[in-house]
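*Asks:* Shown below is the structure under consideration.
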Amino acid sequence: MANKRLLELAKRQRNANLPEERVYRSKTRTKSTNPQDMEVTFLTGEFGNELLARYQELIKGRYNNNPILNEFTFEDGIVKGSSPFMAIPMNEILREYGMHIPTPKEIDQIIQREILDLKGKYEDMALVLRNEIDPNKYLAKNLAKQVKQREDLEFPLMIPLVGLELVVDKKAPSGLAFGLTDQSEIIYVPQLNHKNNSKKFSESDESGLPKFDDAGDKTLYTNDSGLVVLIRDGDLGLVAGDGYLAYSDSGGRVIAVRGEATTRSKSLG
Amino acid sequence: MFYNILRFPVILSIFSSLSGPIAKQEIKPQDKVHALYDRIREDFYLCRDDLTVGSDRFNSALLFGTLTELNRGNQLIFGEYGGGKTTSAEYLNSIFNGLPLDLVKRVAIRGNPQLTEEKMVGRPHYGKMHQGQEDVVWQHFVLVGPKLIDEFPRIPESNQAIILNGVDRGEWNYLNESVSTGAVPFFATCNYEDRGQGDLIPPVRDRFDVAVESKFPGVANVLHIAQDYHNEGDRILEDPELTRKALEALNSGKGYEEIQKRLEEIVNEQQELLGKNGIPVLTQEDRERIEREIKAVPFDKDAEQYFAFLVAEMNTSPKYGQKRSIDPPSAEHGLHLQASFVGSGSRREEKSIVRYAKSLAWLQGQGNVNLDHVIQVAPYVLWHRMKWTPETESRFKDDTREDPFDLHVTKTLLGDGTNEMPGVKQRFVESKENYQRVIDLVGYGKLDEALKEAKDYGADGKGHPIFLDTIKDLEG
């Protein structure tokens, strides 16, 4: 029998109408196991172990073992965990093997073609910059400054993680900041404006961003401020409102892709 | 300073008339309280604003002191030696209660390790005792309503408990006698930990509704204060003759009720004098009305839900079922507040948050308690009770700040937090849509669906603790 105080509270706080359909948006990610693909793969087995060892050397040597970078685990034969801070140095390691982390477009193609089972997991794909205030005000200002040195600043913009570097910055809240490189792609993404929060989609455009469709089976969630990470969520929706850049849990996955990284189109065999 | 300082000249003109009739238009009690606050701030407890609520700026020590007077609550005042802790409480007790300042000072207790129950509460009537009769002589501290104890931690722990029991219950016992004073405002000052002073144990800290710091008032204010080294400015609050009469009544040996009647007459006289000096008074009728109005101020939905999230984070533990002071904090399921401190929530602190948030909303003339009220009030209710883990403390120890360390950590973690440690408000904003969905389902009787979704959002303990708690309520 439910607590009657909860029932009273709910009657007092309920909205005028019951939502028509479930709006699932969970910040947490859940575990899953995955098949392996020759061209696209999770970081599994000996390969995963080796990458992890190389990664740990890198963060020890270059990033002074910054604790927010130390969240990968190796469980059930797979490297688990992900955050934008972690994905970028891992991308650097993957480059040594001729591989890279996927762009948003590539993730979408992985889903569309069912190359890997991404349900119940999440992948960090890009940073989304909306303005120079919180969340992550310092990093937002820092990144905006770098963008302005290259081109006119137009919000919101997206920068895939695959083209970024991680720099030590003592003034940054976590001691780390994001740096643009020659490979950084800066994409204006009005689709990710907050007014499109909770809109549905099924397919993505050439940047891996949603083509809105009321009958779609996936959902976009966006916030309205600051610097956030663009995530593919456990139900294959897109989340562009997560300001917890250091967050990582065992639902996170880094995916390795072999081939040339592009943000406009990618054909995976 | 209150944005509505413009009202102050209007009220002054009403009350400063030396011989004219009392203003016929009704003065709202909020306006009276604002005027009292402003007068104390301008002429007596010189200070600087350090807190913003909505569009209003306040000095936190004075604001919460005002709310403590209105609520008849318990307030701890921290600060450095000579930092104005005792002074602020003396002014508040004098002005809000119509007591001569010199009387307030006379009946205040100065904490020391030799303070016994007999020196604070009551003692046997030795004359009657020798005749084989039991009778109690109540100490002035008990007999005069608003209370102040200086250097409270210097009092032995057992006697601290006696004071707090008496203040909480509004009832004082000695031998087989008791007096019922009702709830009264109580201020206790506390120097920052110093050699020779004990600390306040957690159960004692929990008895104080709020804690504030009496801060450095700024160079300009200090230059002004320093010129008045004989405290001439206090004269308009003092009345040696009335104080003498009050002490006479207190020492008369008469019954409690009779003493209170006499004190009431003295208060009325004092209030008349204050009125002539442009200081408004709160009548008993005002107080009763204020109490009713404060109680009637509801929480809006965001305020209530944020409060629910805060309570969940203070009291639930995915690892241990509930938060306990004997279990080590665990961040295994996420960096919620429960992972950051040792201890747990308490019903006292939750009641304090509600009371003070309502009072603040009332003072601002708001129809509801909103999210900002709760977020501004809660840190002052909690910071003196929180025992942060060493890991949490280490994340903040190098921060630039204006507040004492524990208050700074509490404000940060109850608000947006940091990149490494998001705060309760951040998590509330993130999860409230999901929570609202569960609430909607419950509110429309779809309990099975609500339970299913709460379990999804709870994600085996990795989601927000509010979902774990809601699951328990749904499962019954």
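Ordering of the structure tokens sets the chain letters (A, B, ...); residue numbers start at 1 within each chain; ligands are numbered from 1 in the order shown.
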Which residues of chain B have any atom within 6 Å of an atom in chain A when counting only C-alpha atoms, and what is the closest pair of atoms for each, with the distance in Å to one decimal? Order the rows by chain and rising number and write it as JSON lines.

*Replies:*
```
{"residue": "B:Ile439", "atom": "CA", "partner": "A:Ala10", "partner_atom": "CA", "distance": 5.1}
{"residue": "B:Asp440", "atom": "CA", "partner": "A:Arg14", "partner_atom": "CA", "distance": 4.7}
{"residue": "B:Val442", "atom": "CA", "partner": "A:Ala10", "partner_atom": "CA", "distance": 5.9}
{"residue": "B:Gly443", "atom": "CA", "partner": "A:Ala10", "partner_atom": "CA", "distance": 4.5}
{"residue": "B:Tyr457", "atom": "CA", "partner": "A:Ser26", "partner_atom": "CA", "distance": 5.7}
{"residue": "B:Asp473", "atom": "CA", "partner": "A:Asn3", "partner_atom": "CA", "distance": 5.1}
{"residue": "B:Leu474", "atom": "CA", "partner": "A:Ala2", "partner_atom": "CA", "distance": 4.4}
{"residue": "B:Glu475", "atom": "CA", "partner": "A:Ala2", "partner_atom": "CA", "distance": 5.9}
{"residue": "B:Gly476", "atom": "CA", "partner": "A:Ala2", "partner_atom": "CA", "distance": 4.7}
```

*Asks:* I need the helix (DSSP H, G or I) residues of stretch 12-117 of chain A per DSSP on the backbone, written as a ChimeraX atom specification.

*Replies:* /A:12-13,45-61,67-69,84-95,104-112

*Asks:* Within stretch 119-255 of chain A, find each residue whose DSSP state, derived from the backbone, is strand (DSSP E or B), and express the selection as an MDAnalysis selection string.

*Replies:* chainID A and resid 122:129 157:160 164:168 176:180 187:188 200:204 210:212 218:222 227:232 238:242 252 255

*Asks:* Can you pull out every residue within 6 Å of stretch 231-240 of chain A, counting only C-alpha atoms, but drop anything in the same chain fewer than 6 positions away, and send it as an NGL selection string?

*Replies:* :A and (119-125 or 218-222)

*Asks:* For A:Asn91, which of A:Leu153, A:Leu161, A:Leu69, A:Leu227 is the closest residue, counting only C-alpha atoms?

*Replies:* A:Leu161

*Asks:* Can you tell me, as an NGL selection string, what residues are no more than 9 Å from B:Gly122 when counting only C-alpha atoms, ignoring any on the same chain fewer than 4 positions away?

*Replies:* :B and (117-118 or 136-140 or 142 or 172-175)

*Asks:* Based on the selection just made, write all heavy atoms of those residues as an mmCIF file, in the first residue's frame.

*Replies:*
```
data_model
loop_
_atom_site.group_PDB
_atom_site.id
_atom_site.type_symbol
_atom_site.label_atom_id
_atom_site.label_comp_id
_atom_site.auth_asym_id
_atom_site.auth_seq_id
_atom_site.Cartn_x
_atom_site.Cartn_y
_atom_site.Cartn_z
ATOM 1 N N GLU B 117 23.741 24.672 36.733
ATOM 2 C CA GLU B 117 22.303 24.836 36.518
ATOM 3 C C GLU B 117 21.761 25.914 37.454
ATOM 4 O O GLU B 117 20.895 26.707 37.081
ATOM 5 C CB GLU B 117 21.599 23.500 36.776
ATOM 6 C CG GLU B 117 20.135 23.495 36.346
ATOM 7 C CD GLU B 117 19.484 22.140 36.568
ATOM 8 O OE1 GLU B 117 20.145 21.215 37.092
ATOM 9 O OE2 GLU B 117 18.310 22.001 36.199
ATOM 10 N N GLU B 118 22.302 25.976 38.651
ATOM 11 C CA GLU B 118 21.821 26.938 39.644
ATOM 12 C C GLU B 118 22.105 28.375 39.217
ATOM 13 O O GLU B 118 21.363 29.291 39.552
ATOM 14 C CB GLU B 118 22.476 26.678 41.011
ATOM 15 C CG GLU B 118 21.889 25.484 41.758
ATOM 16 C CD GLU B 118 22.251 24.154 41.122
ATOM 17 O OE1 GLU B 118 23.295 24.105 40.417
ATOM 18 O OE2 GLU B 118 21.520 23.169 41.299
ATOM 19 N N VAL B 136 11.608 27.521 44.584
ATOM 20 C CA VAL B 136 12.654 27.819 43.603
ATOM 21 C C VAL B 136 12.704 29.314 43.335
ATOM 22 O O VAL B 136 11.664 29.969 43.192
ATOM 23 C CB VAL B 136 12.378 27.067 42.275
ATOM 24 C CG1 VAL B 136 13.343 27.514 41.195
ATOM 25 C CG2 VAL B 136 12.474 25.566 42.493
ATOM 26 N N VAL B 137 13.928 29.800 43.287
ATOM 27 C CA VAL B 137 14.146 31.180 42.834
ATOM 28 C C VAL B 137 14.654 31.074 41.394
ATOM 29 O O VAL B 137 15.746 30.549 41.152
ATOM 30 C CB VAL B 137 15.194 31.893 43.711
ATOM 31 C CG1 VAL B 137 15.486 33.272 43.144
ATOM 32 C CG2 VAL B 137 14.711 31.966 45.150
ATOM 33 N N TRP B 138 13.853 31.546 40.485
ATOM 34 C CA TRP B 138 14.242 31.438 39.081
ATOM 35 C C TRP B 138 15.222 32.535 38.718
ATOM 36 O O TRP B 138 15.077 33.684 39.127
ATOM 37 C CB TRP B 138 13.010 31.526 38.185
ATOM 38 C CG TRP B 138 12.043 30.407 38.435
ATOM 39 C CD1 TRP B 138 10.884 30.471 39.160
ATOM 40 C CD2 TRP B 138 12.189 29.051 38.019
ATOM 41 N NE1 TRP B 138 10.287 29.231 39.208
ATOM 42 C CE2 TRP B 138 11.065 28.343 38.510
ATOM 43 C CE3 TRP B 138 13.143 28.354 37.272
ATOM 44 C CZ2 TRP B 138 10.892 26.973 38.277
ATOM 45 C CZ3 TRP B 138 12.959 27.003 37.041
ATOM 46 C CH2 TRP B 138 11.831 26.315 37.544
ATOM 47 N N GLN B 139 16.206 32.168 37.915
ATOM 48 C CA GLN B 139 17.199 33.149 37.503
ATOM 49 C C GLN B 139 16.603 34.105 36.475
ATOM 50 O O GLN B 139 15.648 33.776 35.766
ATOM 51 C CB GLN B 139 18.430 32.443 36.897
ATOM 52 C CG GLN B 139 19.208 31.604 37.885
ATOM 53 C CD GLN B 139 19.900 32.455 38.939
ATOM 54 O OE1 GLN B 139 19.821 33.691 38.939
ATOM 55 N NE2 GLN B 139 20.583 31.804 39.862
ATOM 56 N N HIS B 140 17.187 35.284 36.414
ATOM 57 C CA HIS B 140 16.700 36.305 35.483
ATOM 58 C C HIS B 140 16.702 35.796 34.055
ATOM 59 O O HIS B 140 15.834 36.149 33.246
ATOM 60 C CB HIS B 140 17.585 37.560 35.565
ATOM 61 C CG HIS B 140 17.564 38.185 36.920
ATOM 62 N ND1 HIS B 140 18.425 39.202 37.273
ATOM 63 C CD2 HIS B 140 16.793 37.944 38.004
ATOM 64 C CE1 HIS B 140 18.176 39.560 38.527
ATOM 65 N NE2 HIS B 140 17.198 38.801 38.990
ATOM 66 N N VAL B 142 15.945 33.000 32.918
ATOM 67 C CA VAL B 142 14.721 32.254 32.617
ATOM 68 C C VAL B 142 13.524 33.202 32.556
ATOM 69 O O VAL B 142 12.651 33.073 31.707
ATOM 70 C CB VAL B 142 14.493 31.160 33.682
ATOM 71 C CG1 VAL B 142 13.090 30.590 33.591
ATOM 72 C CG2 VAL B 142 15.522 30.054 33.514
ATOM 73 N N TRP B 172 10.923 25.358 31.843
ATOM 74 C CA TRP B 172 12.135 25.224 32.648
ATOM 75 C C TRP B 172 11.797 24.502 33.938
ATOM 76 O O TRP B 172 10.803 24.803 34.591
ATOM 77 C CB TRP B 172 12.731 26.604 32.961
ATOM 78 C CG TRP B 172 13.053 27.355 31.699
ATOM 79 C CD1 TRP B 172 12.181 28.090 30.956
ATOM 80 C CD2 TRP B 172 14.309 27.397 31.028
ATOM 81 N NE1 TRP B 172 12.812 28.602 29.856
ATOM 82 C CE2 TRP B 172 14.123 28.201 29.865
ATOM 83 C CE3 TRP B 172 15.571 26.859 31.282
ATOM 84 C CZ2 TRP B 172 15.157 28.471 28.977
ATOM 85 C CZ3 TRP B 172 16.598 27.136 30.390
ATOM 86 C CH2 TRP B 172 16.394 27.929 29.251
ATOM 87 N N ASN B 173 12.645 23.563 34.270
ATOM 88 C CA ASN B 173 12.401 22.756 35.472
ATOM 89 C C ASN B 173 13.570 22.874 36.436
ATOM 90 O O ASN B 173 14.730 22.918 36.006
ATOM 91 C CB ASN B 173 12.241 21.278 35.102
ATOM 92 C CG ASN B 173 11.129 21.071 34.108
ATOM 93 O OD1 ASN B 173 9.989 21.426 34.366
ATOM 94 N ND2 ASN B 173 11.458 20.511 32.962
ATOM 95 N N TYR B 174 13.245 22.940 37.678
ATOM 96 C CA TYR B 174 14.284 22.858 38.710
ATOM 97 C C TYR B 174 13.648 22.288 39.956
ATOM 98 O O TYR B 174 12.537 22.706 40.348
ATOM 99 C CB TYR B 174 14.910 24.234 38.990
ATOM 100 C CG TYR B 174 16.092 24.124 39.921
ATOM 101 C CD1 TYR B 174 17.306 23.606 39.472
ATOM 102 C CD2 TYR B 174 15.971 24.487 41.264
ATOM 103 C CE1 TYR B 174 18.377 23.474 40.327
ATOM 104 C CE2 TYR B 174 17.042 24.358 42.125
ATOM 105 C CZ TYR B 174 18.247 23.851 41.664
ATOM 106 O OH TYR B 174 19.314 23.695 42.514
ATOM 107 N N LEU B 175 14.334 21.353 40.551
ATOM 108 C CA LEU B 175 13.747 20.575 41.655
ATOM 109 C C LEU B 175 12.404 20.047 41.144
ATOM 110 O O LEU B 175 12.357 19.452 40.082
ATOM 111 C CB LEU B 175 13.609 21.446 42.903
ATOM 112 C CG LEU B 175 14.934 21.982 43.482
ATOM 113 C CD1 LEU B 175 14.698 22.844 44.713
ATOM 114 C CD2 LEU B 175 15.880 20.830 43.822
#
```

*Asks:* Fewer than 2 positions away in the same chain doesn't count, so skip those; otherwise give me all residues within 9 Å of B:Arg169, counting only C-alpha atoms, as a PDB file with N, CA and C atoms, in the first residue's frame.

*Replies:*
```
ATOM      1  N   LEU B 164      19.209  24.211  26.198  1.00  0.00           N
ATOM      2  CA  LEU B 164      18.514  23.978  24.933  1.00  0.00           C
ATOM      3  C   LEU B 164      17.174  23.282  25.143  1.00  0.00           C
ATOM      4  N   ASN B 165      17.115  22.402  26.118  1.00  0.00           N
ATOM      5  CA  ASN B 165      15.824  21.777  26.429  1.00  0.00           C
ATOM      6  C   ASN B 165      14.821  22.834  26.851  1.00  0.00           C
ATOM      7  N   GLY B 166      15.285  23.717  27.714  1.00  0.00           N
ATOM      8  CA  GLY B 166      14.385  24.758  28.219  1.00  0.00           C
ATOM      9  C   GLY B 166      13.912  25.678  27.100  1.00  0.00           C
ATOM     10  N   VAL B 167      14.846  26.062  26.250  1.00  0.00           N
ATOM     11  CA  VAL B 167      14.497  26.989  25.162  1.00  0.00           C
ATOM     12  C   VAL B 167      13.568  26.304  24.164  1.00  0.00           C
ATOM     13  N   GLU B 171       9.913  25.511  28.519  1.00  0.00           N
ATOM     14  CA  GLU B 171       9.579  25.116  29.886  1.00  0.00           C
ATOM     15  C   GLU B 171      10.877  24.838  30.638  1.00  0.00           C
ATOM     16  N   TRP B 172      10.923  25.358  31.843  1.00  0.00           N
ATOM     17  CA  TRP B 172      12.135  25.224  32.648  1.00  0.00           C
ATOM     18  C   TRP B 172      11.797  24.502  33.938  1.00  0.00           C
ATOM     19  N   SER B 180       6.520  27.805  32.621  1.00  0.00           N
ATOM     20  CA  SER B 180       6.358  27.724  31.163  1.00  0.00           C
ATOM     21  C   SER B 180       6.518  29.112  30.585  1.00  0.00           C
ATOM     22  N   THR B 181       7.564  29.294  29.858  1.00  0.00           N
ATOM     23  CA  THR B 181       7.822  30.610  29.275  1.00  0.00           C
ATOM     24  C   THR B 181       7.327  30.684  27.834  1.00  0.00           C
ATOM     25  N   GLY B 182       7.080  29.524  27.243  1.00  0.00           N
ATOM     26  CA  GLY B 182       6.780  29.504  25.812  1.00  0.00           C
ATOM     27  C   GLY B 182       8.062  29.695  25.013  1.00  0.00           C
ATOM     28  N   ALA B 183       7.940  29.548  23.714  1.00  0.00           N
ATOM     29  CA  ALA B 183       9.115  29.698  22.844  1.00  0.00           C
ATOM     30  C   ALA B 183       9.573  31.148  22.859  1.00  0.00           C
TER      31      ALA B 183
END
```

*Asks:* Find the residue from B:Ile149, B:Leu360, B:Leu337, B:Val354 that sits nearest to B:Val381; use only C-alpha atoms when measuring.

*Replies:*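 Closest to B:Val381, using only C-alpha atoms: B:Val354.
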
*Asks:* Env of A:Arg54: 10 Å cut, atoms = only C-alpha atoms, seq-sep filter 6 positions within chain, self excluded. Answer as a ChimeraX atom specification.

*Replies:* /A:48,60,90,93-94

*Asks:* Could you take the residues named above and write them with C-alpha atoms, as a PDB file, in the first residue's frame?

*Replies:*
```
ATOM      1  CA  GLY A  48      41.330  -3.127 -24.858  1.00  0.00           C
ATOM      2  CA  LYS A  60      50.450   9.690 -15.694  1.00  0.00           C
ATOM      3  CA  MET A  90      42.040   7.781 -25.596  1.00  0.00           C
ATOM      4  CA  ILE A  93      46.148   6.467 -28.233  1.00  0.00           C
ATOM      5  CA  LEU A  94      43.850   5.080 -30.912  1.00  0.00           C
TER       6      LEU A  94
END
```

*Asks:* Quick one: residues within 12 Å of A:Asn142, only C-alpha atoms, excluding same-chain residues fewer than 2 positions away - as a ChimeraX atom specification?

*Replies:* /A:129,131-133,136-140,144-149,167,169,171-173,176-180,226-227

*Asks:* To one decimal place in Å, what is the distance between atom CA of B:Ser344 and atom CA of B:Gly321?

*Replies:* 12.1 Å
